[in-house]
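Worksheet for the structure shown next.
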Amino acid sequence: MRPTPSQANFCLTIPSQTRYLNLVTNVAKRFALIADMDDASAAKVSIAVDEAVTNIIAHAYRNEADHHIDIEFHINGKVIEIKVLHRGTGLREEEIALPDPREYVKHPRKGGLGLLLMSRFMDEVHFTEGGENKPSLCRMIKKI
Amino acid sequence: MTDLAIDVREVRGVWVLQPQGFINAYTVQQFESAMENLIQAQHCLILINCKNLTYINSAGLGAIMGLIEEVRQQGGDILLSNLQDNVYSIFATLGFTDLYRVFATEEEAIAAVAQQGDGRQSPHTDRK
């Protein structure tokens, strides 16, 4: 059996198109498994990354297909960190209001669940709005 | 390989919708259209058999959530069966297993509906 890498870094760049989401999901899951996460935790990581990229395509880039999204994967000891970077409209962390699942179930509607899944499935989720020469960032952390 | 294929059939008055593949933002419209076609045809007692559904994200959940009230207003319901662990985990994490009746198998879901006359009972989970 090969040892789990204690340090690893790589980056995947995709066009801002939903046809690439399954690729991203699969890469994220394999990455989490390589970092020695169990299957259930790896599945959660993959969903969180999917949701982050989906939000960027839909909201930051407004479904415009000719942009790019960078997804950086890092293993730092007992923690994985995934950064999703883009140059579309950024999200300010202080403006995010997660829906209450109990209220959501009482008043079902379409949409609004992606950020909630990200926050439930990762230990930390942070957003940093970019600037003129700086991409916007979604940074997610999960303990292994 | 097809990203998503959807089989639709009627079993003892229940319309079974069986997706095969994954539901994300790329495939969700196909899934949503299949659901809407059933509702437009007044087939509002719907069982989603998730046996071959390998993955669902918030887009797929949103599609189901967006139609549940309309279905129930028309006297029907949306039931779920055969959820794989990763799919069940998403529903459970968000508390959706309190909103939908979840069965271990399609046969159990059909039998429960037949026994009760229709699908309009309080939601609860019968998943084993």
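Going by the structure tokens order, chains are called A, B, ..., each with residues numbered from 1, while ligands are numbered from 1 in the order shown.
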Per residue of range 19-92 of chain B within 12 Å of range 22-25 of chain A, note the shortest atom pair and the distance in Å to one decimal, counting only C-alpha atoms, and order the rows by chain and increasing residue number, as CSV.
residue,atom,partner,partner_atom,distance
B:Gly21,CA,A:Asn22,CA,10.7
B:Phe22,CA,A:Asn22,CA,8.3
B:Ile23,CA,A:Asn22,CA,9.4
B:Asn24,CA,A:Asn22,CA,7.9
B:Ala25,CA,A:Asn22,CA,9.5
B:Tyr26,CA,A:Asn22,CA,8.5
B:Thr27,CA,A:Asn22,CA,10.0
B:Thr54,CA,A:Asn22,CA,11.3
B:Tyr55,CA,A:Asn22,CA,9.5
B:Ile56,CA,A:Asn22,CA,10.7
B:Asn57,CA,A:Thr25,CA,10.4
Kindly save the residues from that selection, with N, CA and C atoms included, as a compact mmCIF listing (two decimals), in the first residue's frame.
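Printed below is part-v9.txt as written:
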# COMPACT_ATOMS: atom_id res chain seq x y z
N GLY B 21 -27.75 7.57 -14.36
CA GLY B 21 -26.63 8.49 -14.60
C GLY B 21 -26.56 9.51 -13.48
N PHE B 22 -26.21 10.74 -13.82
CA PHE B 22 -26.05 11.75 -12.77
C PHE B 22 -26.92 12.97 -13.07
N ILE B 23 -27.34 13.64 -12.00
CA ILE B 23 -28.11 14.88 -12.14
C ILE B 23 -27.29 16.01 -11.52
N ASN B 24 -26.85 16.90 -12.39
CA ASN B 24 -26.18 18.12 -11.93
C ASN B 24 -26.69 19.28 -12.80
N ALA B 25 -26.01 20.40 -12.77
CA ALA B 25 -26.51 21.56 -13.52
C ALA B 25 -26.54 21.30 -15.03
N TYR B 26 -25.72 20.34 -15.48
CA TYR B 26 -25.67 20.03 -16.92
C TYR B 26 -26.87 19.19 -17.36
N THR B 27 -27.32 18.29 -16.51
CA THR B 27 -28.39 17.35 -16.91
C THR B 27 -29.74 17.67 -16.28
N THR B 54 -26.49 7.83 -9.84
CA THR B 54 -25.19 7.75 -9.17
C THR B 54 -24.84 9.02 -8.41
N TYR B 55 -25.52 10.13 -8.77
CA TYR B 55 -25.11 11.41 -8.19
C TYR B 55 -26.23 12.42 -8.36
N ILE B 56 -26.45 13.22 -7.35
CA ILE B 56 -27.39 14.35 -7.48
C ILE B 56 -26.83 15.52 -6.67
N ASN B 57 -26.98 16.72 -7.19
CA ASN B 57 -26.53 17.89 -6.42
C ASN B 57 -27.72 18.80 -6.16
Within 12 Å of chain B, which residues of chain A show up? Give each one with its shortest atom-to-atom distance in Å (one decimal) and the two atoms involved, counting only C-alpha atoms, rows by chain then rising residue number, as a tab-separated table.
residue	atom	partner	partner_atom	distance
A:Ser16	CA	B:Tyr26	CA	11.7
A:Gln17	CA	B:Tyr26	CA	8.4
A:Thr18	CA	B:Tyr26	CA	4.9
A:Arg19	CA	B:Tyr26	CA	5.6
A:Tyr20	CA	B:Tyr26	CA	8.4
A:Leu21	CA	B:Tyr26	CA	7.3
A:Asn22	CA	B:Asn24	CA	7.9
A:Leu23	CA	B:Tyr26	CA	11.5
A:Val24	CA	B:Asn24	CA	11.6
A:Thr25	CA	B:Tyr55	CA	9.7
A:Asn26	CA	B:Tyr55	CA	10.6
A:Lys29	CA	B:Tyr55	CA	11.9
A:Asp39	CA	B:Asn86	CA	9.0
A:Ala40	CA	B:Asn86	CA	6.7
A:Ser41	CA	B:Asn86	CA	9.5
A:Ala42	CA	B:Asn86	CA	10.0
A:Ala43	CA	B:Asn86	CA	6.8
A:Lys44	CA	B:Asn86	CA	8.2
A:Val45	CA	B:Asn86	CA	11.5
A:Ser46	CA	B:Asn57	CA	9.9
A:Ile47	CA	B:Asn57	CA	6.5
A:Ala48	CA	B:Asn57	CA	9.0
A:Val49	CA	B:Asn57	CA	10.6
A:Asp50	CA	B:Asn57	CA	7.8
A:Glu51	CA	B:Ser58	CA	7.4
A:Ala52	CA	B:Ser58	CA	11.0
A:Val53	CA	B:Ala25	CA	10.1
A:Thr54	CA	B:Ala25	CA	6.8
A:Asn55	CA	B:Ala25	CA	9.7
A:Ile56	CA	B:Ala25	CA	11.7
A:Ile57	CA	B:Ala25	CA	9.7
A:Ala58	CA	B:Ala25	CA	9.3
A:Asn63	CA	B:Ala25	CA	11.0
A:Pro99	CA	B:Leu94	CA	10.4
A:Asp100	CA	B:Leu94	CA	9.2
A:Pro101	CA	B:Leu94	CA	5.8
A:Arg102	CA	B:Gly95	CA	7.2
A:Glu103	CA	B:Gly95	CA	10.3
A:Tyr104	CA	B:Leu94	CA	9.0
A:Val105	CA	B:Leu99	CA	6.6
A:Lys106	CA	B:Leu99	CA	8.4
A:His107	CA	B:Glu69	CA	8.6
A:Pro108	CA	B:Met65	CA	5.3
A:Arg109	CA	B:Gly66	CA	4.6
A:Lys110	CA	B:Gly62	CA	4.4
A:Gly111	CA	B:Gly62	CA	5.2
A:Gly112	CA	B:Gly62	CA	8.0
A:Leu113	CA	B:Ser58	CA	5.6
A:Gly114	CA	B:Ser58	CA	5.4
A:Leu115	CA	B:Ser58	CA	9.1
A:Leu116	CA	B:Leu94	CA	8.4
A:Leu117	CA	B:Ser58	CA	7.6
A:Met118	CA	B:Ser58	CA	10.0
A:Ser119	CA	B:Thr93	CA	11.1
A:Arg120	CA	B:Thr93	CA	7.7
A:Phe121	CA	B:Thr93	CA	8.9
For this session: Can you list, as a PyMOL selection string, all residues belonging to range 2-111 of chain B that DSSP tags as alpha helix (DSSP H)?
Result: chain B and resi 28-40+58-73+85-93+106-111
Requested write-out: C-alpha atoms of the selected residues, as a PDB file, in the first residue's frame:
ATOM      1  CA  VAL B  28     -31.014  18.824 -14.604  1.00  0.00           C
ATOM      2  CA  GLN B  29     -33.167  20.304 -17.363  1.00  0.00           C
ATOM      3  CA  GLN B  30     -33.705  16.855 -18.807  1.00  0.00           C
ATOM      4  CA  PHE B  31     -34.798  15.569 -15.409  1.00  0.00           C
ATOM      5  CA  GLU B  32     -37.023  18.581 -14.799  1.00  0.00           C
ATOM      6  CA  SER B  33     -38.696  18.201 -18.207  1.00  0.00           C
ATOM      7  CA  ALA B  34     -39.481  14.547 -17.503  1.00  0.00           C
ATOM      8  CA  MET B  35     -41.123  15.524 -14.205  1.00  0.00           C
ATOM      9  CA  GLU B  36     -43.029  18.428 -15.768  1.00  0.00           C
ATOM     10  CA  ASN B  37     -44.302  16.240 -18.612  1.00  0.00           C
ATOM     11  CA  LEU B  38     -45.843  13.861 -16.083  1.00  0.00           C
ATOM     12  CA  ILE B  39     -47.455  16.681 -14.123  1.00  0.00           C
ATOM     13  CA  GLN B  40     -48.831  18.338 -17.278  1.00  0.00           C
ATOM     14  CA  SER B  58     -28.557  20.904  -5.350  1.00  0.00           C
ATOM     15  CA  ALA B  59     -29.779  21.474  -8.904  1.00  0.00           C
ATOM     16  CA  GLY B  60     -31.538  18.104  -8.858  1.00  0.00           C
ATOM     17  CA  LEU B  61     -32.875  18.618  -5.352  1.00  0.00           C
ATOM     18  CA  GLY B  62     -34.133  22.038  -6.375  1.00  0.00           C
ATOM     19  CA  ALA B  63     -35.976  20.538  -9.347  1.00  0.00           C
ATOM     20  CA  ILE B  64     -37.831  18.147  -7.039  1.00  0.00           C
ATOM     21  CA  MET B  65     -38.451  20.823  -4.422  1.00  0.00           C
ATOM     22  CA  GLY B  66     -39.746  23.222  -7.040  1.00  0.00           C
ATOM     23  CA  LEU B  67     -42.497  20.804  -8.079  1.00  0.00           C
ATOM     24  CA  ILE B  68     -43.563  19.180  -4.818  1.00  0.00           C
ATOM     25  CA  GLU B  69     -46.139  21.820  -3.879  1.00  0.00           C
ATOM     26  CA  GLU B  70     -47.742  21.765  -7.323  1.00  0.00           C
ATOM     27  CA  VAL B  71     -47.946  17.978  -7.258  1.00  0.00           C
ATOM     28  CA  ARG B  72     -49.523  17.938  -3.812  1.00  0.00           C
ATOM     29  CA  GLN B  73     -51.955  20.703  -4.732  1.00  0.00           C
ATOM     30  CA  ASP B  85     -25.935   5.976   0.226  1.00  0.00           C
ATOM     31  CA  ASN B  86     -24.378   9.107  -1.264  1.00  0.00           C
ATOM     32  CA  VAL B  87     -27.731  10.252  -2.654  1.00  0.00           C
ATOM     33  CA  TYR B  88     -29.561   9.465   0.586  1.00  0.00           C
ATOM     34  CA  SER B  89     -26.913  11.426   2.488  1.00  0.00           C
ATOM     35  CA  ILE B  90     -27.754  14.613   0.595  1.00  0.00           C
ATOM     36  CA  PHE B  91     -31.481  14.269   1.190  1.00  0.00           C
ATOM     37  CA  ALA B  92     -30.934  13.457   4.865  1.00  0.00           C
ATOM     38  CA  THR B  93     -28.424  16.268   5.433  1.00  0.00           C
ATOM     39  CA  GLU B 106     -39.880   0.340  -5.807  1.00  0.00           C
ATOM     40  CA  GLU B 107     -42.040  -2.643  -4.902  1.00  0.00           C
ATOM     41  CA  GLU B 108     -42.420  -1.432  -1.321  1.00  0.00           C
ATOM     42  CA  ALA B 109     -43.376   2.027  -2.508  1.00  0.00           C
ATOM     43  CA  ILE B 110     -45.991   0.699  -4.946  1.00  0.00           C
ATOM     44  CA  ALA B 111     -47.378  -1.652  -2.295  1.00  0.00           C
TER      45      ALA B 111
END
Problem set entry | Residue list (strand (DSSP E or B), DSSP) for chain B, as JSON, numbers by chain | {"B": [4, 5, 6, 7, 8, 9, 10, 11, 14, 15, 16, 17, 18, 19, 20, 21, 22, 23, 45, 46, 47, 48, 49, 53, 54, 55, 56, 77, 78, 79, 80, 81, 101, 102, 103, 125, 126]}
Produce a file of the selected residues containing C-alpha atoms, as a PDB file, in the first residue's frame.
ATOM      1  CA  LEU B   4     -28.511  10.895 -17.993  1.00  0.00           C
ATOM      2  CA  ALA B   5     -31.205   8.600 -19.351  1.00  0.00           C
ATOM      3  CA  ILE B   6     -34.698   8.623 -17.863  1.00  0.00           C
ATOM      4  CA  ASP B   7     -37.099   5.707 -18.045  1.00  0.00           C
ATOM      5  CA  VAL B   8     -40.768   6.512 -17.360  1.00  0.00           C
ATOM      6  CA  ARG B   9     -43.411   3.831 -16.836  1.00  0.00           C
ATOM      7  CA  GLU B  10     -46.714   3.340 -15.056  1.00  0.00           C
ATOM      8  CA  VAL B  11     -47.059   0.672 -12.375  1.00  0.00           C
ATOM      9  CA  VAL B  14     -47.983   5.144  -9.910  1.00  0.00           C
ATOM     10  CA  TRP B  15     -45.767   6.874 -12.471  1.00  0.00           C
ATOM     11  CA  VAL B  16     -42.248   5.601 -11.973  1.00  0.00           C
ATOM     12  CA  LEU B  17     -39.473   7.882 -13.140  1.00  0.00           C
ATOM     13  CA  GLN B  18     -36.116   6.099 -13.145  1.00  0.00           C
ATOM     14  CA  PRO B  19     -33.063   8.240 -13.901  1.00  0.00           C
ATOM     15  CA  GLN B  20     -29.850   6.504 -14.912  1.00  0.00           C
ATOM     16  CA  GLY B  21     -26.630   8.489 -14.596  1.00  0.00           C
ATOM     17  CA  PHE B  22     -26.050  11.751 -12.772  1.00  0.00           C
ATOM     18  CA  ILE B  23     -28.111  14.883 -12.139  1.00  0.00           C
ATOM     19  CA  LEU B  45     -48.432  10.346  -8.208  1.00  0.00           C
ATOM     20  CA  ILE B  46     -44.752  10.005  -9.011  1.00  0.00           C
ATOM     21  CA  LEU B  47     -42.133   7.619  -7.691  1.00  0.00           C
ATOM     22  CA  ILE B  48     -38.518   8.504  -8.406  1.00  0.00           C
ATOM     23  CA  ASN B  49     -36.637   5.202  -8.412  1.00  0.00           C
ATOM     24  CA  LEU B  53     -28.878   7.467  -9.992  1.00  0.00           C
ATOM     25  CA  THR B  54     -25.191   7.751  -9.169  1.00  0.00           C
ATOM     26  CA  TYR B  55     -25.111  11.410  -8.186  1.00  0.00           C
ATOM     27  CA  ILE B  56     -27.393  14.351  -7.478  1.00  0.00           C
ATOM     28  CA  ASP B  77     -47.158  13.176  -4.281  1.00  0.00           C
ATOM     29  CA  ILE B  78     -43.499  12.550  -5.073  1.00  0.00           C
ATOM     30  CA  LEU B  79     -42.052   9.399  -3.499  1.00  0.00           C
ATOM     31  CA  LEU B  80     -38.455   8.180  -3.542  1.00  0.00           C
ATOM     32  CA  SER B  81     -36.991   4.692  -3.565  1.00  0.00           C
ATOM     33  CA  ARG B 101     -41.637   9.296   1.703  1.00  0.00           C
ATOM     34  CA  VAL B 102     -38.508   7.247   1.084  1.00  0.00           C
ATOM     35  CA  PHE B 103     -38.748   3.491   0.452  1.00  0.00           C
ATOM     36  CA  THR B 125     -39.018   7.419   5.824  1.00  0.00           C
ATOM     37  CA  ASP B 126     -39.369   3.697   5.281  1.00  0.00           C
TER      38      ASP B 126
END
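Interatomic distance, CA of Lys134 in chain A against CA of Ile75 in chain A: 23.4 Å.
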For this session: For Glu95 in chain A, please output as a count of residues only all residues within 12 Å (counting only C-alpha atoms; exclusion window: fewer than 5 positions along the same chain).
Result: 5
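Minimum atom-to-atom distance to Ala104 in chain B, evaluated using only C-alpha atoms, belongs to B:Leu83 out of B:Asn52, B:Leu83, B:Gln116, B:Thr2.
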